[in-house]
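Peer 1: So I've got this file, data_9.cif, and it contains mmCIF, C-alpha atoms:
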```cif
data_final
loop_
_atom_site.label_atom_id
_atom_site.label_comp_id
_atom_site.auth_asym_id
_atom_site.auth_seq_id
_atom_site.Cartn_x
_atom_site.Cartn_y
_atom_site.Cartn_z
CA MET A 1 193.50 59.64 102.05
CA LEU A 2 195.15 56.47 100.90
CA ARG A 3 193.03 53.36 100.94
CA PRO A 4 194.59 50.22 102.42
CA PHE A 5 196.84 48.09 100.27
CA ARG A 6 199.27 45.24 100.77
CA LEU A 7 202.96 46.03 100.30
CA HIS A 8 205.20 43.40 98.73
CA GLU A 9 208.97 43.50 98.88
CA PRO A 10 210.62 41.40 96.19
CA GLU A 11 214.38 40.99 96.28
CA THR A 12 214.90 40.28 92.59
CA VAL A 13 213.46 41.61 89.36
CA ALA A 14 212.15 38.11 88.62
CA ASP A 15 210.24 38.16 91.91
CA ALA A 16 208.81 41.58 91.05
CA VAL A 17 207.73 40.30 87.63
CA GLY A 18 206.15 37.30 89.31
CA LEU A 19 204.16 39.49 91.70
CA LEU A 20 202.90 41.66 88.85
CA GLY A 21 201.82 38.52 87.06
CA GLN A 22 200.14 37.14 90.15
CA TYR A 23 198.11 40.22 90.99
CA GLY A 24 197.62 41.64 87.49
CA GLU A 25 195.57 44.84 87.43
CA GLU A 26 195.41 44.91 91.21
CA ALA A 27 199.15 45.56 91.45
CA SER A 28 201.49 48.40 90.66
CA LEU A 29 205.20 48.83 90.96
CA TYR A 30 206.11 51.34 93.67
CA ALA A 31 209.40 53.20 93.80
CA GLY A 32 209.54 56.76 95.15
CA GLY A 33 205.79 57.08 95.06
CA THR A 34 205.95 60.76 94.17
CA GLU A 35 203.45 60.31 91.36
CA LEU A 36 201.78 57.03 92.33
CA LEU A 37 200.90 57.93 95.90
CA LEU A 38 199.57 61.33 94.82
CA ALA A 39 197.24 59.72 92.31
CA MET A 40 196.17 57.16 94.90
CA LYS A 41 195.59 59.82 97.55
CA GLU A 42 193.35 61.71 95.17
CA GLY A 43 191.41 58.57 94.36
CA LEU A 44 192.42 58.65 90.68
CA LEU A 45 194.05 55.24 90.98
CA HIS A 46 193.85 52.40 93.42
CA TYR A 47 195.89 49.25 93.73
CA GLY A 48 195.35 46.62 96.35
CA HIS A 49 198.97 45.54 95.99
CA LEU A 50 202.09 47.67 95.74
CA VAL A 51 205.31 45.99 94.63
CA ASN A 52 208.22 47.84 96.20
CA VAL A 53 211.08 47.98 93.71
CA LYS A 54 213.37 49.71 96.21
CA THR A 55 214.01 46.33 97.80
CA VAL A 56 215.17 44.81 94.51
CA GLY A 57 218.95 44.60 94.41
CA GLY A 58 220.80 46.47 91.71
CA LEU A 59 218.06 48.79 90.47
CA SER A 60 219.63 51.84 92.08
CA ASP A 61 223.06 51.38 90.57
CA LEU A 62 224.55 54.25 88.63
CA ARG A 63 227.56 53.21 86.60
CA TYR A 64 229.70 54.79 83.92
CA ASP A 65 231.29 52.48 81.38
CA GLU A 66 234.03 54.92 80.44
CA GLY A 67 235.45 52.77 77.67
CA ALA A 68 232.15 52.58 75.87
CA GLY A 69 231.21 56.13 76.92
CA VAL A 70 227.90 54.89 78.26
CA LEU A 71 226.09 55.82 81.47
CA ARG A 72 224.00 53.01 82.93
CA ILE A 73 221.25 54.36 85.13
CA GLY A 74 219.30 51.89 87.23
CA SER A 75 215.59 52.63 87.05
CA GLY A 76 215.58 53.16 90.83
CA VAL A 77 218.15 55.95 90.78
CA THR A 78 216.67 59.11 92.26
CA HIS A 79 216.67 62.48 90.50
CA ARG A 80 218.80 63.77 93.37
CA ALA A 81 221.42 61.09 92.88
CA LEU A 82 221.70 62.08 89.21
CA GLU A 83 221.81 65.75 90.16
CA ARG A 84 224.63 65.21 92.64
CA SER A 85 226.69 62.50 90.95
CA ALA A 86 230.27 63.51 90.19
CA ILE A 87 230.33 61.13 87.23
CA VAL A 88 227.23 62.63 85.70
CA ALA A 89 228.48 66.17 86.31
CA ALA A 90 231.76 65.40 84.59
CA ASP A 91 230.61 63.61 81.46
CA PHE A 92 226.88 64.30 81.22
CA PRO A 93 226.58 67.80 82.70
CA LEU A 94 223.33 68.53 80.91
CA ILE A 95 221.71 65.58 82.67
CA ALA A 96 222.89 66.84 86.06
CA GLN A 97 221.61 70.34 85.29
CA THR A 98 218.23 69.20 84.03
CA GLU A 99 217.69 66.73 86.86
CA ALA A 100 218.46 69.57 89.30
CA GLY A 101 215.41 71.35 87.91
CA VAL A 102 212.92 68.54 88.45
CA ALA A 103 210.08 69.61 90.77
CA ASN A 104 211.60 70.41 94.15
CA VAL A 105 214.32 68.97 96.36
CA ARG A 106 211.92 66.78 98.32
CA VAL A 107 210.58 65.15 95.17
CA ARG A 108 214.10 64.73 93.84
CA ASN A 109 215.25 63.03 97.04
CA VAL A 110 212.66 60.33 96.65
CA GLY A 111 211.46 60.22 93.04
CA THR A 112 213.24 57.93 90.60
CA ILE A 113 214.12 58.32 86.94
CA GLY A 114 212.44 54.98 86.22
CA GLY A 115 209.27 55.95 88.02
CA ASN A 116 209.23 59.21 86.13
CA LEU A 117 209.53 57.53 82.73
CA CYS A 118 207.05 54.78 83.59
CA PHE A 119 204.40 57.10 85.02
CA GLY A 120 204.50 58.94 81.72
CA GLU A 121 203.39 62.36 82.88
CA PRO A 122 203.73 64.43 79.72
CA HIS A 123 204.71 67.54 81.71
CA SER A 124 208.14 66.31 82.68
CA ASP A 125 211.73 66.97 81.62
CA PRO A 126 213.85 63.81 82.00
CA GLY A 127 212.16 61.92 79.16
CA ALA A 128 212.57 64.81 76.74
CA LEU A 129 216.15 65.40 77.79
CA LEU A 130 217.30 61.80 77.49
CA LEU A 131 215.88 61.64 73.94
CA LEU A 132 218.75 63.97 72.99
CA TYR A 133 221.20 61.25 73.95
CA ASN A 134 219.55 58.50 71.90
CA ALA A 135 219.11 56.62 75.15
CA THR A 136 217.81 53.06 75.33
CA THR A 137 215.86 51.30 78.05
CA THR A 138 215.98 47.73 79.30
CA ALA A 139 212.90 45.93 80.54
CA GLN A 140 212.43 42.54 82.10
CA GLY A 141 209.13 40.71 81.94
CA PRO A 142 207.47 37.32 81.75
CA SER A 143 208.91 36.79 78.25
CA GLY A 144 212.43 37.78 79.26
CA ILE A 145 214.63 40.81 78.83
CA ARG A 146 214.42 43.28 75.96
CA THR A 147 215.77 46.69 75.04
CA ILE A 148 213.48 49.47 73.89
CA PRO A 149 214.86 52.66 72.37
CA LEU A 150 213.76 55.55 74.57
CA SER A 151 212.19 57.11 71.47
CA GLU A 152 209.73 54.20 71.49
CA PHE A 153 209.24 54.03 75.25
CA ALA A 154 206.64 56.73 75.83
CA ALA A 155 203.35 55.87 74.15
CA GLY A 156 201.15 58.77 75.22
CA PRO A 157 199.95 60.53 78.34
CA PHE A 158 200.56 58.20 81.30
CA GLU A 159 201.22 55.35 78.90
CA THR A 160 204.38 53.49 77.98
CA SER A 161 205.15 50.68 75.59
CA LEU A 162 205.95 48.35 78.47
CA GLU A 163 203.88 45.19 78.33
CA GLU A 164 201.88 43.65 81.16
CA GLY A 165 204.17 42.56 83.93
CA GLU A 166 207.31 44.24 82.58
CA VAL A 167 209.70 46.09 84.84
CA LEU A 168 211.96 48.86 83.56
CA THR A 169 215.39 48.00 84.92
CA GLU A 170 217.90 50.33 83.30
CA ILE A 171 218.30 53.40 81.12
CA THR A 172 221.44 53.38 79.02
CA VAL A 173 222.77 56.75 77.93
CA PRO A 174 225.59 57.11 75.40
CA ARG A 175 227.74 60.19 75.81
CA PHE A 176 227.39 62.97 73.24
CA PRO A 177 229.91 62.54 70.42
CA THR A 178 232.99 64.75 70.68
CA GLY A 179 232.23 68.33 69.80
CA MET A 180 228.51 68.13 70.53
CA THR A 181 227.03 70.70 72.89
CA GLY A 182 223.63 70.23 74.47
CA VAL A 183 221.24 72.74 76.01
CA TYR A 184 217.85 72.20 77.63
CA GLU A 185 215.50 75.15 78.05
CA LYS A 186 212.25 74.92 79.91
CA PHE A 187 209.43 77.18 80.97
CA GLY A 188 207.02 76.54 83.78
CA TYR A 189 205.53 78.18 86.80
CA HIS A 190 203.71 75.16 88.14
CA ALA A 191 205.55 72.33 89.84
CA ARG A 192 205.62 70.62 86.46
CA PRO A 193 207.09 72.23 83.32
CA THR A 194 204.83 73.76 80.68
CA VAL A 195 207.21 73.28 77.76
CA GLY A 196 210.77 71.97 77.44
CA VAL A 197 213.08 72.05 74.44
CA GLY A 198 216.41 70.28 74.18
CA VAL A 199 218.95 71.03 71.48
CA ALA A 200 222.27 69.31 70.88
CA LEU A 201 224.48 70.55 68.06
CA ARG A 202 227.73 69.27 66.70
CA MET A 203 229.60 71.95 64.84
CA ASP A 204 232.48 71.10 62.54
CA ALA A 205 235.42 73.18 63.76
CA SER A 206 236.96 73.67 60.33
CA THR A 207 233.87 74.32 58.20
CA GLY A 208 231.84 75.95 60.96
CA VAL A 209 228.62 74.14 60.04
CA VAL A 210 226.30 71.90 61.98
CA THR A 211 227.15 68.28 61.22
CA GLU A 212 224.53 66.86 63.54
CA ALA A 213 221.47 68.42 65.14
CA ARG A 214 219.29 66.77 67.75
CA VAL A 215 216.16 68.49 68.98
CA SER A 216 213.60 67.21 71.45
CA VAL A 217 210.39 68.76 72.70
CA GLY A 218 208.77 67.79 75.97
CA SER A 219 205.63 68.69 77.89
CA ALA A 220 203.91 70.29 74.89
CA GLY A 221 202.39 67.20 73.35
CA PRO A 222 201.12 63.85 74.58
CA LYS A 223 204.66 62.53 74.93
CA PRO A 224 208.23 63.80 74.57
CA VAL A 225 209.53 63.55 71.00
CA ARG A 226 212.49 64.19 68.78
CA VAL A 227 211.59 66.48 65.92
CA PRO A 228 213.55 65.28 62.87
CA GLN A 229 212.19 67.82 60.39
CA ALA A 230 213.33 70.67 62.60
CA GLU A 231 216.68 68.91 62.97
CA GLU A 232 217.04 68.80 59.18
CA ILE A 233 216.49 72.54 58.98
CA LEU A 234 219.29 73.17 61.45
CA ALA A 235 221.73 70.69 59.90
CA GLY A 236 224.42 72.11 57.63
CA LYS A 237 223.92 75.69 58.83
CA THR A 238 226.66 77.98 60.07
CA SER A 239 226.57 79.58 63.48
CA ALA A 240 225.52 82.89 61.93
CA GLU A 241 222.75 81.26 59.94
CA LEU A 242 221.49 79.52 63.05
CA SER A 243 220.83 82.87 64.69
CA SER A 244 218.83 84.15 61.75
CA ALA A 245 215.06 84.25 61.54
CA ALA A 246 215.32 82.59 58.12
CA VAL A 247 216.44 79.41 59.86
CA LEU A 248 214.92 79.71 63.30
CA ARG A 249 211.39 80.53 62.21
CA PRO A 250 210.85 77.44 60.04
CA ALA A 251 212.72 75.29 62.55
CA ALA A 252 210.48 76.55 65.34
CA ARG A 253 207.34 76.01 63.27
CA SER A 254 208.41 72.50 62.41
CA ALA A 255 209.39 71.61 65.96
CA ALA A 256 206.11 72.96 67.30
CA GLN A 257 204.05 70.97 64.80
CA GLU A 258 206.02 67.76 65.24
CA ALA A 259 205.54 68.01 69.00
CA ASP A 260 201.75 67.87 68.46
CA PRO A 261 200.88 70.33 71.23
CA ILE A 262 197.58 69.96 73.05
CA ASP A 263 195.36 72.34 75.00
CA ASP A 264 195.52 71.67 78.70
CA PHE A 265 195.76 73.23 82.12
CA HIS A 266 199.19 74.63 81.24
CA GLY A 267 197.91 76.54 78.26
CA SER A 268 196.56 76.35 74.76
CA ALA A 269 198.28 74.50 71.94
CA GLU A 270 198.91 77.86 70.30
CA TYR A 271 200.61 79.19 73.41
CA LYS A 272 202.81 76.12 73.64
CA GLU A 273 203.75 76.39 69.97
CA HIS A 274 204.88 79.91 70.66
CA LEU A 275 206.92 78.79 73.67
CA VAL A 276 208.53 75.99 71.66
CA GLY A 277 209.71 78.61 69.18
CA VAL A 278 211.10 80.90 71.84
CA LEU A 279 212.88 78.12 73.72
CA LEU A 280 214.22 76.59 70.52
CA GLY A 281 215.73 79.92 69.50
CA ARG A 282 217.41 80.35 72.86
CA ALA A 283 218.68 76.79 72.95
CA VAL A 284 220.04 76.93 69.41
CA ARG A 285 221.86 80.17 70.04
CA THR A 286 223.41 78.83 73.22
CA ALA A 287 224.33 75.46 71.73
CA SER A 288 225.94 77.03 68.67
CA GLY A 289 228.08 79.24 70.83
CA ALA A 290 226.47 82.43 69.65
CA VAL A 291 225.58 83.31 73.24
CA MET B 1 195.82 45.48 114.65
CA GLU B 2 194.10 44.79 111.38
CA VAL B 3 192.39 47.02 108.88
CA SER B 4 189.89 45.90 106.27
CA SER B 5 189.62 47.48 102.87
CA GLN B 6 186.93 46.56 100.43
CA THR B 7 188.90 43.62 99.15
CA GLN B 8 191.26 42.46 101.82
CA THR B 9 192.46 42.63 105.37
CA VAL B 10 195.95 44.07 105.60
CA PRO B 11 197.93 43.38 108.72
CA ALA B 12 199.90 46.22 110.28
CA ILE B 13 203.66 45.87 110.18
CA PRO B 14 205.85 46.29 113.27
CA ILE B 15 208.71 48.71 112.67
CA THR B 16 211.30 50.61 114.62
CA MET B 17 212.45 54.12 113.86
CA THR B 18 214.19 56.99 115.54
CA VAL B 19 212.26 60.21 115.82
CA ASN B 20 214.13 63.22 117.12
CA ARG B 21 216.81 60.93 118.52
CA ARG B 22 214.30 58.73 120.39
CA SER B 23 213.87 55.13 119.33
CA ILE B 24 210.26 54.13 118.77
CA SER B 25 208.69 50.76 117.98
CA LEU B 26 205.20 50.66 116.61
CA ASP B 27 202.91 48.98 114.11
CA VAL B 28 202.12 50.81 110.88
CA GLU B 29 199.54 50.05 108.26
CA PRO B 30 201.20 50.16 104.83
CA HIS B 31 198.94 52.95 103.59
CA GLN B 32 199.59 55.26 106.54
CA THR B 33 201.59 58.36 105.67
CA LEU B 34 204.55 59.60 107.66
CA LEU B 35 202.73 62.90 108.24
CA ASP B 36 199.76 61.12 109.80
CA LEU B 37 202.06 59.09 111.98
CA LEU B 38 203.95 62.14 113.19
CA ARG B 39 200.91 64.32 113.85
CA ASP B 40 198.26 61.84 114.96
CA ARG B 41 200.19 59.08 116.66
CA LEU B 42 203.26 60.88 117.95
CA THR B 43 201.53 64.23 118.55
CA LEU B 44 204.31 66.09 116.75
CA LYS B 45 202.24 68.86 115.21
CA GLY B 46 205.12 70.88 113.78
CA ALA B 47 204.90 69.32 110.32
CA LYS B 48 201.74 70.66 108.70
CA ARG B 49 199.22 69.24 106.28
CA SER B 50 198.80 72.00 103.73
CA CYS B 51 198.59 71.11 100.04
CA ASP B 52 198.79 67.36 100.65
CA LEU B 53 200.36 67.15 97.19
CA GLN B 54 204.04 67.54 98.11
CA VAL B 55 204.34 70.90 96.35
CA CYS B 56 204.16 73.36 99.24
CA GLY B 57 206.73 72.00 101.69
CA ALA B 58 204.78 72.62 104.90
CA CYS B 59 205.09 68.94 105.79
CA THR B 60 208.86 68.76 105.30
CA VAL B 61 210.80 66.55 107.69
CA LEU B 62 214.25 65.04 107.38
CA LEU B 63 214.54 61.32 106.73
CA ASN B 64 218.12 60.18 107.23
CA GLY B 65 219.10 63.81 106.73
CA ARG B 66 217.15 64.29 103.50
CA ALA B 67 214.22 66.63 103.13
CA VAL B 68 211.05 64.71 102.24
CA SER B 69 207.35 65.48 101.91
CA SER B 70 205.89 63.52 104.80
CA CYS B 71 202.39 63.92 103.34
CA THR B 72 203.32 61.72 100.39
CA MET B 73 205.64 59.27 102.08
CA LEU B 74 204.53 56.01 103.59
CA ALA B 75 205.27 55.82 107.31
CA TYR B 76 206.70 52.38 106.56
CA GLU B 77 209.53 54.03 104.61
CA ALA B 78 210.83 55.47 107.89
CA ARG B 79 211.57 51.98 109.24
CA ASP B 80 215.10 51.70 110.59
CA ALA B 81 215.57 55.36 109.72
CA GLU B 82 216.17 58.61 111.55
CA VAL B 83 213.42 61.14 111.33
CA LEU B 84 214.03 64.71 112.38
CA THR B 85 211.19 67.17 112.82
CA ILE B 86 211.15 70.81 113.91
CA GLU B 87 210.54 69.61 117.46
CA GLY B 88 213.92 67.90 117.37
CA LEU B 89 216.03 70.90 116.47
CA ALA B 90 216.36 72.73 119.76
CA GLU B 91 218.60 71.23 122.45
CA GLY B 92 216.63 71.87 125.59
CA ASP B 93 216.24 75.63 125.74
CA ARG B 94 218.93 76.29 123.19
CA LEU B 95 217.44 77.04 119.79
CA HIS B 96 219.09 75.85 116.63
CA PRO B 97 220.88 78.68 114.79
CA LEU B 98 218.22 78.51 112.06
CA GLN B 99 215.41 78.91 114.56
CA GLN B 100 217.19 81.84 116.17
CA ALA B 101 217.90 83.43 112.80
CA PHE B 102 214.23 83.15 111.77
CA ILE B 103 213.31 85.01 114.95
CA ASP B 104 216.06 87.59 114.65
CA HIS B 105 215.17 88.34 111.04
CA ALA B 106 211.37 88.19 111.46
CA ALA B 107 211.28 85.45 108.84
CA PHE B 108 207.76 84.27 109.66
CA GLN B 109 204.32 85.83 110.13
CA CYS B 110 201.59 83.23 110.54
CA GLY B 111 204.24 80.56 111.02
CA PHE B 112 202.43 77.82 109.12
CA CYS B 113 205.16 77.26 106.54
CA THR B 114 207.94 77.84 109.04
CA PRO B 115 208.70 74.35 110.31
CA GLY B 116 208.97 73.14 106.73
CA MET B 117 211.12 76.12 105.78
CA ILE B 118 213.50 75.53 108.65
CA MET B 119 213.81 71.79 108.06
CA THR B 120 214.54 72.34 104.37
CA ALA B 121 217.02 75.06 105.23
CA LYS B 122 218.71 72.70 107.66
CA SER B 123 219.19 70.08 104.99
CA LEU B 124 220.59 72.79 102.71
CA LEU B 125 223.13 73.94 105.28
CA ASP B 126 224.04 70.37 106.11
CA GLU B 127 224.91 69.84 102.46
CA ASN B 128 226.37 73.26 101.76
CA SER B 129 227.38 75.23 104.80
CA ARG B 130 227.92 78.53 102.97
CA PRO B 131 225.40 78.75 100.13
CA THR B 132 225.09 81.79 97.94
CA GLU B 133 221.82 83.69 97.89
CA ASP B 134 221.06 82.13 94.53
CA GLN B 135 221.72 78.66 95.87
CA VAL B 136 219.43 79.32 98.83
CA LYS B 137 216.61 80.47 96.56
CA LYS B 138 216.98 77.50 94.24
CA TYR B 139 217.12 74.96 97.05
CA MET B 140 214.16 76.49 98.84
CA ASN B 141 212.02 76.88 95.71
CA GLY B 142 209.76 74.03 96.76
CA ASN B 143 208.72 75.66 100.02
CA ILE B 144 205.88 78.11 99.63
CA CYS B 145 205.04 81.04 101.93
CA ARG B 146 201.95 83.20 101.58
CA CYS B 147 202.91 85.83 104.14
CA THR B 148 206.48 86.98 104.01
CA GLY B 149 207.47 87.43 100.38
CA TYR B 150 210.52 85.23 101.11
CA LYS B 151 213.07 88.02 101.52
CA LYS B 152 213.42 87.64 105.27
CA ILE B 153 213.50 83.85 104.98
CA VAL B 154 216.47 84.02 102.61
CA GLU B 155 218.17 86.56 104.90
CA ALA B 156 217.63 84.34 107.92
CA ILE B 157 219.11 81.31 106.18
CA LEU B 158 222.15 83.28 105.02
CA ALA B 159 222.55 84.68 108.53
CA ALA B 160 222.33 81.22 110.07
CA SER B 161 225.11 80.13 107.74
CA GLY B 162 227.30 82.87 109.11
CA GLN B 163 227.13 85.00 106.01
CA GLY B 164 225.52 88.28 107.00
#
```
What is this structure when it is put down as structure tokens?
Peer 2:
Amino acid sequence: MLRPFRLHEPETVADAVGLLGQYGEEASLYAGGTELLLAMKEGLLHYGHLVNVKTVGGLSDLRYDEGAGVLRIGSGVTHRALERSAIVAADFPLIAQTEAGVANVRVRNVGTIGGNLCFGEPHSDPGALLLLYNATTTAQGPSGIRTIPLSEFAAGPFETSLEEGEVLTEITVPRFPTGMTGVYEKFGYHARPTVGVGVALRMDASTGVVTEARVSVGSAGPKPVRVPQAEEILAGKTSAELSSAAVLRPAARSAAQEADPIDDFHGSAEYKEHLVGVLLGRAVRTASGAV
Amino acid sequence: MEVSSQTQTVPAIPITMTVNRRSISLDVEPHQTLLDLLRDRLTLKGAKRSCDLQVCGACTVLLNGRAVSSCTMLAYEARDAEVLTIEGLAEGDRLHPLQQAFIDHAAFQCGFCTPGMIMTAKSLLDENSRPTEDQVKKYMNGNICRCTGYKKIVEAILAASGQG
């Protein structure tokens, strides 16, 4: 049962920032509520004041700057809007596909990408996926507006690098460079994923080798991460080499270690390491065109 | 009407909404859920409280045509909106094709998940009038049934869409 709280409805980001400042620890931003209200219902969290960001103009805008090749996602955009957007399907199909797999349709209708990133539930896909795109975030707070690379946004379980009173306003996603193919593989039988692995590979058409490899791991460790050592192992390899155990085994081991898996309700760290390896192999094979 | 919490008194907010095509004006406390409003204040018992965590789908209603978990939605979010529950599907004695299909295909046993199943299926067919079996299964994957094993539910939805 939810305990009573006061609901505030700011019309601008500045007003929202002001309310957070005014009520401090007693206040939380409230968007879709799919994580917040659950935690409040279960008594894990309580706030006397909820600041409704759905009433703030502009936070639910989804725009594609085609010239710059950059998708600008307002923090209030729902998973469903991303799943169903024609723009996203055309130029960022992996985002549409992965968003379509978030929880269930009811959660996607209401839950927002910003809320997802800010709640910081480690067992989640969008954060891990967007790391593949070298996405950046924009936040507005008492000290003004700043950009934070997505790779620095998540700080740990249920923790972000946002400061007191800061509001995430936008996620900016550059398109993959020409010739890059991305794949996101996940495993889970609960509502939340157990492990997710994203791989994006750019193969040089003439030499047939990987010129750029991006690998992210989500849900396994305390926060989603890119795994640069695993990426180095994949770089410069041919499609045939990428399918070989000689490459995949060390890449999997490296990715699993860099993800820093933890024992939890979804399974042991060892189990998740194993899954990372399996999913990485599948994703690499698909991304390199071997499948 | 006022409610006190440990730290404050929060006034109820007057709102208007449409529920099953009827306009309703009432006061809601911000922390009241849509499910509580439907079941306890409007006596619409079709939507069920089951997991209370928005993972089972038994509380599914349509809010402006979109399937939502009423257990985890503030009643306040239905202001100026159209809410459709299972009670609003039939037109008088005439059942909605989905309701009829669920009967014809024996797609329920205890019936507890059924209102949620049908409301979710309705939103699916409203978006995609001829889904494939795979599309039905994916869309419905957030609605859980302990009795039927899902086969008849999928058949009923495909039948209601005019596809076998």
Peer 1: Starting from the displayed file, determine the output of the PyMOL selection byres ((chain B) within 7 of (chain A)) and express the residue list as a short mmCIF file (atom, residue, chain, number, x, y, z; two decimals) with C-alpha atoms, in the coordinates of the input.
Peer 2:
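File written: out-v2.cif
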```
data_model
loop_
_atom_site.label_atom_id
_atom_site.label_comp_id
_atom_site.auth_asym_id
_atom_site.auth_seq_id
_atom_site.Cartn_x
_atom_site.Cartn_y
_atom_site.Cartn_z
CA SER B 5 189.62 47.48 102.87
CA VAL B 10 195.95 44.07 105.60
CA PRO B 30 201.20 50.16 104.83
CA HIS B 31 198.94 52.95 103.59
CA LEU B 53 200.36 67.15 97.19
CA VAL B 55 204.34 70.90 96.35
CA ARG B 66 217.15 64.29 103.50
CA ALA B 67 214.22 66.63 103.13
CA VAL B 68 211.05 64.71 102.24
CA SER B 69 207.35 65.48 101.91
CA THR B 72 203.32 61.72 100.39
CA TYR B 139 217.12 74.96 97.05
CA ASN B 141 212.02 76.88 95.71
CA GLY B 142 209.76 74.03 96.76
#
```
Peer 1: List the residues selected by the PyMOL selection byres ((chain A and resi 273-290) around 6) in the file shown, writing them as a compact mmCIF listing (two decimals) with C-alpha atoms, in the coordinates of the input.
Peer 2:
```
# COMPACT_ATOMS: atom_id res chain seq x y z
CA THR A 181 227.03 70.70 72.89
CA GLY A 182 223.63 70.23 74.47
CA VAL A 183 221.24 72.74 76.01
CA GLU A 185 215.50 75.15 78.05
CA VAL A 199 218.95 71.03 71.48
CA SER A 239 226.57 79.58 63.48
CA ALA A 252 210.48 76.55 65.34
CA ALA A 256 206.11 72.96 67.30
CA GLU A 270 198.91 77.86 70.30
CA TYR A 271 200.61 79.19 73.41
CA LYS A 272 202.81 76.12 73.64
CA VAL A 291 225.58 83.31 73.24
```
Peer 1: Go ahead and compute the interatomic distance for atom CA of Thr136 of chain A and atom CA of Ser254 of chain A, in Å to one decimal.
Peer 2: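 Taking atom CA of Thr136 of chain A as the start and atom CA of Ser254 of chain A as the end point, the length is 25.2 Å.
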Peer 1: Please evaluate the PyMOL selection byres ((chain B and resi 19) around 9) against the displayed coordinates and give the resulting residues as a VMD selection string.
Peer 2: chain B and resid 17 to 18 20 to 24 38 81 to 85 88
Peer 1: Using 5 Å of padding on each side, determine the axis-aligned box around all atoms of segment 70-82 of chain B present in the file and give its centre and edge lengths in Å to one decimal, as AutoDock Vina command-line options.
Peer 2:
```
--center_x 209.3 --center_y 57.8 --center_z 106.0 --size_x 23.8 --size_y 22.2 --size_z 21.2
```
Peer 1: Give me the residues near segment 148-164 of chain B as JSON, numbers by chain, where near means some atom within 6 Å (using all atoms listed in the file) and where sequence neighbours in that chain fewer than 6 positions away do not count.
Peer 2: {"B": [97, 98, 101, 102, 105, 107, 130]}
Peer 1: Measuring atom to atom with only C-alpha atoms, identify which of B:Leu35, B:Cys147, B:Ala58, B:Leu26 is nearest to Cys71 of chain B.
Peer 2: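 Closest to Cys71 of chain B of all the choices is B:Leu35.
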Peer 1: Would you be able to write out as a list in words which residues have an atom within 10 Å of (209.4, 56.1, 106.1) in the file's coordinates, counting all atoms listed in the file?
Peer 2: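 Using all atoms listed in the file, the matching residues come out as Ile15, Met17, Gln32, Thr33, Leu34, Leu35, Leu37, Leu63, Asn64, Val68, Ser70, Met73, Leu74, Ala75, Tyr76, Glu77, Ala78, Arg79, Asp80, Ala81, Glu82 and Val83 of chain B.
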Peer 1: So how many Å separate atom CA of Asp125 of chain A and atom CA of Ser85 of chain A, to one decimal?
Peer 2: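 Atom-to-atom, atom CA of Asp125 of chain A to atom CA of Ser85 of chain A, that is 18.2 Å.
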Peer 1: For atom CA of Ala220 of chain A and atom CA of Gly43 of chain A, determine how far apart the two atoms are, in Å to one decimal place.
Peer 2: 25.9 Å
Peer 1: Using all atoms listed in the file, pick whichever of A:Thr112, A:Ser216, A:Thr194, A:Ser124 has the shortest atom-to-atom distance to His266 of chain A.
Peer 2: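 Result for the nearest residue to His266 of chain A: A:Thr194.
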Peer 1: Neighbours of Thr147 of chain A within 10 Å (only C-alpha atoms; same-chain residues fewer than 5 positions away dropped), as a PyMOL selection string?
Peer 2: chain A and resi 136-140+153+168-172
Peer 1: May I have the residues at most 12 Å from (214.2, 38.7, 90.0) in the file's coordinates, counting only C-alpha atoms, as a short mmCIF file (atom, residue, chain, number, x, y, z; two decimals) with C-alpha atoms, keeping the file's coordinate frame?
Peer 2:
```cif
data_model
loop_
_atom_site.label_atom_id
_atom_site.label_comp_id
_atom_site.auth_asym_id
_atom_site.auth_seq_id
_atom_site.Cartn_x
_atom_site.Cartn_y
_atom_site.Cartn_z
CA GLU A 9 208.97 43.50 98.88
CA PRO A 10 210.62 41.40 96.19
CA GLU A 11 214.38 40.99 96.28
CA THR A 12 214.90 40.28 92.59
CA VAL A 13 213.46 41.61 89.36
CA ALA A 14 212.15 38.11 88.62
CA ASP A 15 210.24 38.16 91.91
CA ALA A 16 208.81 41.58 91.05
CA VAL A 17 207.73 40.30 87.63
CA GLY A 18 206.15 37.30 89.31
CA LEU A 19 204.16 39.49 91.70
CA LEU A 20 202.90 41.66 88.85
CA VAL A 53 211.08 47.98 93.71
CA THR A 55 214.01 46.33 97.80
CA VAL A 56 215.17 44.81 94.51
CA GLY A 57 218.95 44.60 94.41
CA GLY A 58 220.80 46.47 91.71
CA LEU A 59 218.06 48.79 90.47
CA ALA A 139 212.90 45.93 80.54
CA GLN A 140 212.43 42.54 82.10
CA GLY A 141 209.13 40.71 81.94
CA PRO A 142 207.47 37.32 81.75
CA GLY A 144 212.43 37.78 79.26
CA ILE A 145 214.63 40.81 78.83
CA GLU A 166 207.31 44.24 82.58
CA VAL A 167 209.70 46.09 84.84
CA THR A 169 215.39 48.00 84.92
#
```
Peer 1: If we count all atoms listed in the file and set the cut-off at 8 Å, which residues sit around Ile262 of chain A, ignoring sequence neighbours fewer than 5 positions away in its own chain? Please answer as a list in words.
Peer 2: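 In the requested format, the answer is Ala220, Gly221, Pro222, Ser268 and Ala269 of chain A.
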Peer 1: Applying 10 Å and all atoms listed in the file, which residues near Thr114 of chain B remain after dropping the ones on its own chain fewer than 6 positions away? List them as a count of residues only.
Peer 2: 17
